[in-house]
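Q: Contents are mmCIF, C-alpha atoms; file name input-v3.cif:
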```cif
data_protein
#
loop_
_atom_site.group_PDB
_atom_site.id
_atom_site.type_symbol
_atom_site.label_atom_id
_atom_site.label_comp_id
_atom_site.auth_asym_id
_atom_site.auth_seq_id
_atom_site.Cartn_x
_atom_site.Cartn_y
_atom_site.Cartn_z
ATOM 1 C CA MET M 456 41.924 8.615 10.025
ATOM 2 C CA GLN M 457 41.735 9.973 13.566
ATOM 3 C CA ILE M 458 42.481 7.689 16.505
ATOM 4 C CA GLU M 459 41.830 8.660 20.122
ATOM 5 C CA LEU M 460 43.980 7.038 22.781
ATOM 6 C CA ASP M 461 42.903 7.586 26.379
ATOM 7 C CA LEU M 462 45.910 6.873 28.615
ATOM 8 C CA ARG M 463 44.654 8.533 31.787
ATOM 9 C CA GLY M 464 45.815 6.626 34.857
ATOM 10 C CA LEU M 465 49.035 5.398 33.227
ATOM 11 C CA TYR M 466 52.382 6.706 34.390
ATOM 12 C CA CYS M 467 55.841 7.143 32.903
ATOM 13 C CA PRO M 468 57.007 5.431 30.741
ATOM 14 C CA MET M 469 53.696 3.754 29.807
ATOM 15 C CA PRO M 470 52.106 6.696 27.914
ATOM 16 C CA VAL M 471 55.098 6.800 25.549
ATOM 17 C CA LEU M 472 55.189 3.008 25.112
ATOM 18 C CA ARG M 473 51.434 2.733 24.451
ATOM 19 C CA THR M 474 51.557 5.692 22.045
ATOM 20 C CA ARG M 475 54.409 4.068 20.165
ATOM 21 C CA GLU M 476 52.390 0.840 19.779
ATOM 22 C CA GLU M 477 49.351 2.714 18.504
ATOM 23 C CA VAL M 478 51.349 4.879 16.081
ATOM 24 C CA ALA M 479 53.066 1.749 14.729
ATOM 25 C CA LYS M 480 49.650 0.241 13.887
ATOM 26 C CA ALA M 481 48.346 3.451 12.266
ATOM 27 C CA ASN M 482 48.785 4.524 8.633
ATOM 28 C CA ILE M 483 50.981 7.383 7.483
ATOM 29 C CA GLY M 484 48.965 10.592 7.691
ATOM 30 C CA ASP M 485 46.733 9.348 10.530
ATOM 31 C CA LEU M 486 46.212 11.602 13.526
ATOM 32 C CA ILE M 487 46.656 9.970 16.945
ATOM 33 C CA ILE M 488 45.156 12.024 19.760
ATOM 34 C CA VAL M 489 46.685 10.968 23.071
ATOM 35 C CA ILE M 490 44.997 11.994 26.315
ATOM 36 C CA ALA M 491 47.114 11.490 29.443
ATOM 37 C CA ASP M 492 47.221 12.755 33.010
ATOM 38 C CA ASP M 493 50.792 11.715 33.776
ATOM 39 C CA PRO M 494 52.567 15.037 34.454
ATOM 40 C CA ALA M 495 55.510 13.783 32.344
ATOM 41 C CA ALA M 496 53.359 12.989 29.306
ATOM 42 C CA GLU M 497 53.416 16.339 27.502
ATOM 43 C CA GLU M 498 57.200 16.792 27.473
ATOM 44 C CA ASP M 499 57.887 13.086 26.900
ATOM 45 C CA LEU M 500 55.414 12.676 24.027
ATOM 46 C CA LYS M 501 56.640 15.816 22.255
ATOM 47 C CA ARG M 502 60.244 14.604 22.451
ATOM 48 C CA TRP M 503 59.364 11.031 21.503
ATOM 49 C CA ALA M 504 57.378 12.222 18.463
ATOM 50 C CA LYS M 505 60.200 14.476 17.258
ATOM 51 C CA ARG M 506 62.785 11.734 17.648
ATOM 52 C CA ALA M 507 60.540 9.154 15.963
ATOM 53 C CA GLY M 508 60.013 11.505 13.006
ATOM 54 C CA HIS M 509 56.339 12.382 13.601
ATOM 55 C CA GLU M 510 54.697 15.774 13.962
ATOM 56 C CA VAL M 511 52.956 17.136 17.041
ATOM 57 C CA VAL M 512 50.169 19.206 15.521
ATOM 58 C CA ASN M 513 48.370 20.257 18.685
ATOM 59 C CA VAL M 514 48.793 20.239 22.465
ATOM 60 C CA LYS M 515 45.796 21.107 24.624
ATOM 61 C CA ARG M 516 45.541 21.155 28.401
ATOM 62 C CA GLU M 517 42.239 19.962 29.869
ATOM 63 C CA GLY M 518 42.342 20.278 33.670
ATOM 64 C CA ASP M 519 44.861 17.734 34.968
ATOM 65 C CA ALA M 520 45.054 16.016 31.587
ATOM 66 C CA VAL M 521 46.803 16.942 28.383
ATOM 67 C CA SER M 522 45.812 16.058 24.849
ATOM 68 C CA VAL M 523 48.701 15.665 22.394
ATOM 69 C CA SER M 524 47.809 15.222 18.713
ATOM 70 C CA ILE M 525 50.473 13.396 16.731
ATOM 71 C CA LYS M 526 50.465 13.040 12.957
ATOM 72 C CA LYS M 527 52.177 9.874 11.770
ATOM 73 C CA LEU M 528 54.748 10.889 9.138
ATOM 74 C CA VAL M 529 56.932 7.800 8.670
ATOM 75 C CA MET I 721 65.064 14.991 8.764
ATOM 76 C CA GLU I 722 67.443 13.481 11.319
ATOM 77 C CA GLU I 723 70.414 14.957 9.427
ATOM 78 C CA ARG I 724 68.871 18.396 9.391
ATOM 79 C CA ARG I 725 68.083 18.141 13.110
ATOM 80 C CA GLU I 726 71.661 17.183 13.926
ATOM 81 C CA LYS I 727 73.083 19.914 11.739
ATOM 82 C CA ASN I 728 70.888 22.560 13.390
ATOM 83 C CA GLU I 729 71.617 21.411 16.897
ATOM 84 C CA LYS I 730 75.381 21.102 16.453
ATOM 85 C CA LYS I 731 75.703 24.877 16.145
ATOM 86 C CA VAL I 732 75.611 25.213 19.897
ATOM 87 C CA SER I 733 77.235 22.963 22.495
ATOM 88 C CA ARG I 734 75.025 21.447 25.172
ATOM 89 C CA ILE I 735 75.716 20.065 28.620
ATOM 90 C CA LEU I 736 73.212 18.103 30.673
ATOM 91 C CA TYR I 737 73.633 17.868 34.439
ATOM 92 C CA ILE I 738 71.769 15.089 36.271
ATOM 93 C CA GLN I 739 71.167 15.680 39.968
ATOM 94 C CA THR I 740 70.330 12.596 42.057
ATOM 95 C CA SER I 741 71.523 13.953 45.424
ATOM 96 C CA GLY I 742 68.999 15.506 47.784
ATOM 97 C CA VAL I 743 68.648 17.777 50.782
ATOM 98 C CA ASP I 744 70.393 15.247 53.059
ATOM 99 C CA THR I 745 73.669 16.111 51.283
ATOM 100 C CA PRO I 746 73.490 19.923 50.897
ATOM 101 C CA GLU I 747 77.160 20.106 49.867
ATOM 102 C CA ARG I 748 76.253 18.261 46.657
ATOM 103 C CA LEU I 749 73.424 20.599 45.631
ATOM 104 C CA TYR I 750 75.259 23.699 44.444
ATOM 105 C CA ALA I 751 77.597 22.295 41.785
ATOM 106 C CA PRO I 752 75.058 21.650 38.986
ATOM 107 C CA PHE I 753 73.656 25.188 39.288
ATOM 108 C CA ILE I 754 77.100 26.824 39.401
ATOM 109 C CA LEU I 755 78.388 24.755 36.476
ATOM 110 C CA ALA I 756 75.227 25.270 34.397
ATOM 111 C CA MET I 757 75.269 29.021 35.013
ATOM 112 C CA THR I 758 78.927 29.125 33.967
ATOM 113 C CA ALA I 759 78.097 27.069 30.886
ATOM 114 C CA LYS I 760 75.522 29.686 29.850
ATOM 115 C CA ALA I 761 78.167 32.399 30.279
ATOM 116 C CA MET I 762 80.310 30.330 27.883
ATOM 117 C CA ASP I 763 77.442 30.233 25.327
ATOM 118 C CA ILE I 764 76.802 26.574 26.103
ATOM 119 C CA GLU I 765 73.198 25.417 26.467
ATOM 120 C CA ALA I 766 72.686 23.918 29.914
ATOM 121 C CA SER I 767 69.903 21.833 31.451
ATOM 122 C CA ILE I 768 69.598 20.147 34.833
ATOM 123 C CA PHE I 769 67.463 17.036 35.236
ATOM 124 C CA PHE I 770 66.532 16.278 38.861
ATOM 125 C CA MET I 771 65.639 12.706 39.700
ATOM 126 C CA ILE I 772 65.282 10.315 42.650
ATOM 127 C CA LYS I 773 66.247 12.279 45.822
ATOM 128 C CA GLY I 774 67.541 15.046 43.557
ATOM 129 C CA ILE I 775 64.050 16.538 43.359
ATOM 130 C CA THR I 776 63.868 17.280 47.116
ATOM 131 C CA PRO I 777 65.389 20.804 46.928
ATOM 132 C CA LEU I 778 62.725 21.721 44.332
ATOM 133 C CA ARG I 779 59.895 21.720 46.854
ATOM 134 C CA GLN I 780 58.739 25.327 47.355
ATOM 135 C CA GLY I 781 60.371 26.906 50.394
ATOM 136 C CA VAL I 782 63.085 24.246 50.817
ATOM 137 C CA ALA I 783 66.018 25.792 48.905
ATOM 138 C CA GLU I 784 65.635 29.036 50.888
ATOM 139 C CA GLY I 785 66.696 27.144 54.016
ATOM 140 C CA ILE I 786 69.800 25.541 52.501
ATOM 141 C CA LYS I 787 73.073 27.420 52.810
ATOM 142 C CA ILE I 788 76.621 26.105 53.079
ATOM 143 C CA GLY I 789 79.928 27.910 53.687
ATOM 144 C CA ASN I 790 80.164 31.295 52.044
ATOM 145 C CA PHE I 791 77.666 30.473 49.327
ATOM 146 C CA PRO I 792 74.372 32.349 49.095
ATOM 147 C CA SER I 793 71.242 30.293 49.819
ATOM 148 C CA LEU I 794 70.528 27.500 47.335
ATOM 149 C CA LYS I 795 67.372 29.353 46.263
ATOM 150 C CA GLU I 796 69.417 32.409 45.261
ATOM 151 C CA VAL I 797 71.748 30.231 43.185
ATOM 152 C CA MET I 798 68.770 28.404 41.652
ATOM 153 C CA ASP I 799 67.086 31.703 40.727
ATOM 154 C CA GLN I 800 70.315 33.030 39.198
ATOM 155 C CA ALA I 801 70.719 29.857 37.109
ATOM 156 C CA VAL I 802 67.145 30.107 35.797
ATOM 157 C CA LYS I 803 67.646 33.815 35.053
ATOM 158 C CA ALA I 804 70.781 32.884 33.078
ATOM 159 C CA GLY I 805 68.632 30.560 30.945
ATOM 160 C CA VAL I 806 69.363 27.186 32.526
ATOM 161 C CA LYS I 807 66.420 24.812 32.008
ATOM 162 C CA LEU I 808 65.265 22.704 34.961
ATOM 163 C CA TYR I 809 63.427 19.374 34.661
ATOM 164 C CA ALA I 810 61.989 17.213 37.449
ATOM 165 C CA CYS I 811 61.320 13.486 37.141
ATOM 166 C CA ALA I 812 57.572 12.815 37.392
ATOM 167 C CA GLN I 813 57.945 9.355 38.899
ATOM 168 C CA SER I 814 60.350 10.655 41.576
ATOM 169 C CA CYS I 815 57.803 13.375 42.425
ATOM 170 C CA GLU I 816 55.115 10.702 42.732
ATOM 171 C CA LEU I 817 57.383 8.502 44.872
ATOM 172 C CA LEU I 818 58.319 11.313 47.255
ATOM 173 C CA ASN I 819 54.801 12.763 47.338
ATOM 174 C CA MET I 820 55.701 16.066 45.691
ATOM 175 C CA PRO I 821 52.906 17.051 43.265
ATOM 176 C CA LYS I 822 53.698 19.590 40.553
ATOM 177 C CA THR I 823 51.943 22.314 42.564
ATOM 178 C CA ASP I 824 54.514 21.847 45.389
ATOM 179 C CA LEU I 825 57.489 22.512 43.085
ATOM 180 C CA VAL I 826 59.224 25.809 42.360
ATOM 181 C CA GLU I 827 57.312 27.307 39.462
ATOM 182 C CA TYR I 828 60.029 27.263 36.794
ATOM 183 C CA VAL I 829 60.526 23.481 36.723
ATOM 184 C CA THR I 830 59.234 21.358 33.825
ATOM 185 C CA VAL I 831 57.981 17.943 34.954
ATOM 186 C CA ALA I 832 59.153 15.243 32.555
ATOM 187 C CA GLY I 833 59.949 11.546 32.307
ATOM 188 C CA ALA I 834 62.052 8.785 30.820
ATOM 189 C CA ALA I 835 61.735 9.834 27.173
ATOM 190 C CA THR I 836 62.861 13.355 28.051
ATOM 191 C CA VAL I 837 65.960 12.163 29.953
ATOM 192 C CA ASN I 838 67.004 9.943 27.049
ATOM 193 C CA ASP I 839 66.375 12.727 24.555
ATOM 194 C CA LEU I 840 68.343 15.281 26.595
ATOM 195 C CA VAL I 841 71.271 12.861 26.999
ATOM 196 C CA LEU I 842 71.443 12.161 23.261
ATOM 197 C CA ASP I 843 71.175 15.856 22.409
ATOM 198 C CA ALA I 844 73.895 16.835 24.883
ATOM 199 C CA ASP I 845 77.584 16.878 24.004
ATOM 200 C CA ALA I 846 78.300 15.802 27.578
ATOM 201 C CA THR I 847 76.332 14.633 30.605
ATOM 202 C CA LEU I 848 77.520 15.061 34.191
ATOM 203 C CA CYS I 849 75.883 13.200 37.057
ATOM 204 C CA PHE I 850 75.836 14.388 40.677
#
```
Could you take the file, read its structure, and then write that structure out as structure tokens?
A:
Amino acid sequence: MQIELDLRGLYCPMPVLRTREEVAKANIGDLIIVIADDPAAEEDLKRWAKRAGHEVVNVKREGDAVSVSIKKLV
Amino acid sequence: MEERREKNEKKVSRILYIQTSGVDTPERLYAPFILAMTAKAMDIEASIFFMIKGITPLRQGVAEGIKIGNFPSLKEVMDQAVKAGVKLYACAQSCELLNMPKTDLVEYVTVAGAATVNDLVLDADATLCF
């Protein structure tokens, strides 16, 4: 399943905390696409995902926002 | 996975420097760059995370005007550190607080947040705070 999470307007550390909540609810193998405009989001989400044992499969910049696609692995 | 990650990352030592001092205390600004540059010369990975007032020297044009004693300008030292491979991070919330958007920062800084600081601290063999 693919889940889109629009976190534009939220600032550090909220994008990471909201992503964590959503990933916890998802099933293993699901793809969570996080869209955020917090300038910290890209680096923070990549590091959070790695530490939490998930895989960042795609990072795309869209103007001021970034879209980080995370595959739930555990 | 965690075991493999630790094994891979233990090959090289890492030091993280956290800079919280700003342009109002220029004598505190050089040490992280000098130490990090020296770390790289010792084959140690080095990163500097700038937060709170620590981000103030990262505004474009500011470090050029800071010079103490016989040291070169702070910008020269900063450029040398980056050239040596030192990674620079700036706290996004501090930038927001002090009205310094990403476009105002020196170009080689990565803007990051709380998760990145925690991750860098855990990955480092030692963390020094200025």
Q: Mind giving me the straight-line distance from atom CA of Val471 of chain M to atom CA of Ala496 of chain M in Å, one decimal?
A: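 Those two atoms sit 7.4 Å apart.
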Q: Near chain M, meaning an atom within 6 Å, which residues of chain I appear when counting all atoms listed in the file? Write them as a ChimeraX atom specification.
A: /I:812,831-833,835-836
Q: Compare I:Cys849, I:Ala834, I:Val782, I:Leu749 by their minimum atom-to-atom distance to Ile735 of chain I, counting all atoms listed in the file, and give me the closest one.
A: I:Cys849
Q: Work out where the centre of an axis-aligned box around every listed atom of segment 503-520 of chain M lies and how long its edges are once 5 Å is added on each side; give both in Å to one decimal as JSON.
A:
```
{"center_x": 52.5, "center_y": 15.2, "center_z": 24.0, "size_x": 30.5, "size_y": 22.0, "size_z": 32.0}
```
Q: When you look at Tyr809 of chain I with a cut-off of 12 Å (counting all atoms listed in the file), what residues show up, excluding the ones that are within fewer than 5 positions of it in the same chain? I need them as number ranges by chain.
A: M: 494-495, 498-499; I: 736-739, 766-771, 774-775, 778, 802, 814-815, 822, 825-834, 836-837, 840
Q: Starting from the displayed file, determine the output of the PyMOL selection byres ((chain M and resi 519) around 6) and express the residue list as a ChimeraX atom specification.
A: /M:492,518,520
Q: Rounded to one decimal in Å, what is the spacing between atom CA of Asp843 of chain I and atom CA of Ala479 of chain M?
A: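 Interatomic distance here is 24.2 Å.
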Q: List the residues matched by the PyMOL selection byres ((chain M and resi 482) around 12) in the displayed structure as a list of chain:residue names, ordered by chain and then by residue number.
A: M:Met456, M:Gln457, M:Ile458, M:Glu477, M:Val478, M:Ala479, M:Lys480, M:Ala481, M:Ile483, M:Gly484, M:Asp485, M:Leu486, M:Ile487, M:His509, M:Lys526, M:Lys527, M:Leu528, M:Val529
Q: List the neighbours of Ile788 of chain I out to 9 Å using all atoms listed in the file; skip same-chain residues closer than 4 positions along the sequence, and give me the result as a list in words.
A: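 Here the qualifying residues turn out to be Pro746, Glu747, Pro792, Ser793 and Leu794 of chain I.
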Q: Write out as a ChimeraX atom specification each polymer residue whose atoms come within 10 Å of Ala801 of chain I, counting only C-alpha atoms; drop sequence neighbours fewer than 3 positions from it.
A: /I:752-758,760,766-767,795-798,804-808
Q: Mind giving me the straight-line distance from atom CA of Ile772 of chain I to atom CA of Thr823 of chain I in Å, one decimal?
A: 17.9 Å
Q: Out of M:Ile525, M:Leu460, M:Leu465, M:Ile490, which residue has the shortest atom-to-atom distance to Val512 of chain M when counting all atoms listed in the file?
A: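 That would be M:Ile525, the residue with the smallest distance to Val512 of chain M.
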Q: Nearest to Tyr750 of chain I: which of I:Arg779, I:Lys787, I:Lys773, I:Lys731 is it, counting only C-alpha atoms?
A: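 The closest residue to Tyr750 of chain I is I:Lys787.
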